[in-house]
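Note: the block below is upload24.cif and it holds mmCIF, C-alpha atoms.
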data_input
#
loop_
_atom_site.group_PDB
_atom_site.id
_atom_site.type_symbol
_atom_site.label_atom_id
_atom_site.label_comp_id
_atom_site.auth_asym_id
_atom_site.auth_seq_id
_atom_site.Cartn_x
_atom_site.Cartn_y
_atom_site.Cartn_z
ATOM 1 C CA MET A 1 -95.789 39.321 -166.955
ATOM 2 C CA SER A 2 -94.309 36.014 -166.075
ATOM 3 C CA GLU A 3 -95.493 33.912 -163.217
ATOM 4 C CA THR A 4 -92.353 34.705 -161.203
ATOM 5 C CA ALA A 5 -92.891 38.444 -161.555
ATOM 6 C CA VAL A 6 -96.532 38.114 -160.493
ATOM 7 C CA SER A 7 -95.625 36.114 -157.401
ATOM 8 C CA ALA A 8 -92.911 38.684 -156.539
ATOM 9 C CA VAL A 9 -95.443 41.522 -156.812
ATOM 10 C CA GLU A 10 -97.919 39.607 -154.662
ATOM 11 C CA ALA A 11 -95.230 38.897 -152.061
ATOM 12 C CA THR A 12 -94.197 42.545 -151.986
ATOM 13 C CA THR A 13 -97.827 43.671 -151.713
ATOM 14 C CA SER A 14 -98.543 41.253 -148.893
ATOM 15 C CA ALA A 15 -95.346 42.308 -147.081
ATOM 16 C CA ILE A 16 -96.355 45.974 -147.308
ATOM 17 C CA ALA A 17 -99.882 45.151 -146.198
ATOM 18 C CA GLY A 18 -98.469 43.205 -143.244
ATOM 19 C CA LYS A 19 -96.315 46.156 -142.179
ATOM 20 C CA VAL A 20 -99.231 48.567 -142.481
ATOM 21 C CA THR A 21 -101.467 46.220 -140.489
ATOM 22 C CA THR A 22 -98.814 45.845 -137.776
ATOM 23 C CA ALA A 23 -98.274 49.619 -137.551
ATOM 24 C CA THR A 24 -102.021 50.239 -137.427
ATOM 25 C CA GLY A 25 -102.445 47.607 -134.729
ATOM 26 C CA ALA A 26 -99.640 49.176 -132.687
ATOM 27 C CA GLY A 27 -101.217 52.616 -133.074
ATOM 28 C CA VAL A 28 -104.625 51.340 -131.989
ATOM 29 C CA THR A 29 -103.029 49.595 -129.001
ATOM 30 C CA ILE A 30 -101.248 52.767 -127.903
ATOM 31 C CA ALA A 31 -104.402 54.848 -128.405
ATOM 32 C CA SER A 32 -106.519 52.427 -126.387
ATOM 33 C CA TRP A 33 -103.883 52.338 -123.634
ATOM 34 C CA ALA A 34 -103.879 56.158 -123.512
ATOM 35 C CA THR A 35 -107.678 56.307 -123.247
ATOM 36 C CA ALA A 36 -107.710 53.669 -120.501
ATOM 37 C CA ILE A 37 -105.460 55.743 -118.226
ATOM 38 C CA ASP A 38 -107.153 57.661 -115.441
ATOM 39 C CA TRP A 39 -105.672 61.027 -116.372
ATOM 40 C CA GLY A 40 -107.307 62.839 -113.475
ATOM 41 C CA PHE A 41 -105.526 60.594 -110.999
ATOM 42 C CA TRP A 42 -102.126 61.058 -112.618
ATOM 43 C CA ILE A 43 -102.578 64.812 -112.925
ATOM 44 C CA GLY A 44 -103.429 64.870 -109.212
ATOM 45 C CA VAL A 45 -100.330 62.844 -108.407
ATOM 46 C CA GLY A 46 -98.228 65.228 -110.509
ATOM 47 C CA ILE A 47 -99.660 68.272 -108.730
ATOM 48 C CA GLY A 48 -99.003 66.624 -105.377
ATOM 49 C CA LEU A 49 -95.396 65.869 -106.292
ATOM 50 C CA ILE A 50 -94.862 69.436 -107.505
ATOM 51 C CA GLY A 51 -96.282 70.706 -104.210
ATOM 52 C CA LEU A 52 -93.955 68.397 -102.297
ATOM 53 C CA LEU A 53 -90.980 69.676 -104.290
ATOM 54 C CA ILE A 54 -91.945 73.294 -103.600
ATOM 55 C CA SER A 55 -92.301 72.520 -99.884
ATOM 56 C CA LEU A 56 -88.879 70.887 -99.815
ATOM 57 C CA CYS A 57 -87.283 73.890 -101.545
ATOM 58 C CA ASN A 58 -89.020 76.208 -99.081
ATOM 59 C CA TYR A 59 -87.716 74.159 -96.129
ATOM 60 C CA ILE A 60 -84.138 74.245 -97.438
ATOM 61 C CA THR A 61 -84.331 78.007 -98.040
ATOM 62 C CA ASN A 62 -85.748 78.651 -94.574
ATOM 63 C CA LEU A 63 -83.050 76.479 -93.015
ATOM 64 C CA LYS A 64 -80.345 78.485 -94.788
ATOM 65 C CA PHE A 65 -81.713 81.849 -93.674
ATOM 66 C CA GLN A 66 -82.394 80.598 -90.133
ATOM 67 C CA ARG A 67 -78.719 79.661 -89.792
ATOM 68 C CA LYS A 68 -77.715 83.150 -90.969
ATOM 69 C CA LYS A 69 -80.143 84.688 -88.468
ATOM 70 C CA ASP A 70 -78.773 82.503 -85.657
ATOM 71 C CA LYS A 71 -75.220 83.577 -86.509
ATOM 72 C CA ARG A 72 -76.198 87.272 -86.448
ATOM 73 C CA GLU A 73 -78.035 86.849 -83.146
ATOM 74 C CA GLU A 74 -75.034 85.052 -81.662
ATOM 75 C CA GLU A 75 -72.740 87.948 -82.685
ATOM 76 C CA ILE A 76 -75.152 90.490 -81.187
ATOM 77 C CA HIS A 77 -75.353 88.427 -77.993
ATOM 78 C CA GLU A 78 -71.566 88.282 -77.668
ATOM 79 C CA LEU A 79 -71.272 92.048 -78.208
ATOM 80 C CA THR A 80 -74.006 92.681 -75.645
ATOM 81 C CA LYS A 81 -72.211 90.473 -73.116
ATOM 82 C CA LYS A 82 -68.939 92.334 -73.689
ATOM 83 C CA GLN A 83 -70.712 95.673 -73.358
ATOM 84 C CA LEU A 84 -72.346 94.614 -70.100
ATOM 85 C CA GLN A 85 -68.978 93.418 -68.760
ATOM 86 C CA GLY A 86 -67.375 96.724 -69.743
ATOM 87 C CA GLN A 87 -65.011 95.200 -72.275
ATOM 88 C CA CYS A 88 -66.218 97.295 -75.182
ATOM 89 C CA ASP A 89 -65.548 100.914 -75.853
ATOM 90 C CA VAL A 90 -69.175 101.506 -76.752
ATOM 91 C CA SER A 91 -70.937 104.483 -75.279
ATOM 92 C CA LYS A 92 -74.681 104.713 -74.887
ATOM 93 C CA GLU A 93 -76.195 107.862 -76.162
#

The structure given in the file should be rewritten as structure tokens.
Amino acid sequence: MSETAVSAVEATTSAIAGKVTTATGAGVTIASWATAIDWGFWIGVGIGLIGLLISLCNYITNLKFQRKKDKREEEIHELTKKQLQGQCDVSKE
């Protein structure tokens, strides 16, 4: 092999080795970052946020059904008032 071919092979080998070293370094960095995280804390935060979301959904659902209940009670109240005033043709049995 000529000297040019040898230097090209060495350059290619060193370029590949550099890429592998960079990828390995990045992997080790990510792995060490993942092990440094306090997973218990973040799992607790996640559970708390899920609980907050469930509570919010429960509040919205209760608000919806409370409005329906208020509307029904208002209709019953109006009918009762009319019945007491004698404006309804409703007989008590």

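The gap separating CA of Ser14 in chain A from CA of Val28 in chain A is 20.6 Å, in Å to one decimal.
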
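A straight line drawn from CA of Glu74 in chain A to CA of Gln87 in chain A is 17.1 Å long.
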
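Reported to one decimal place, the separation of CA of Ile37 in chain A from CA of Ile50 in chain A is 20.4 Å.
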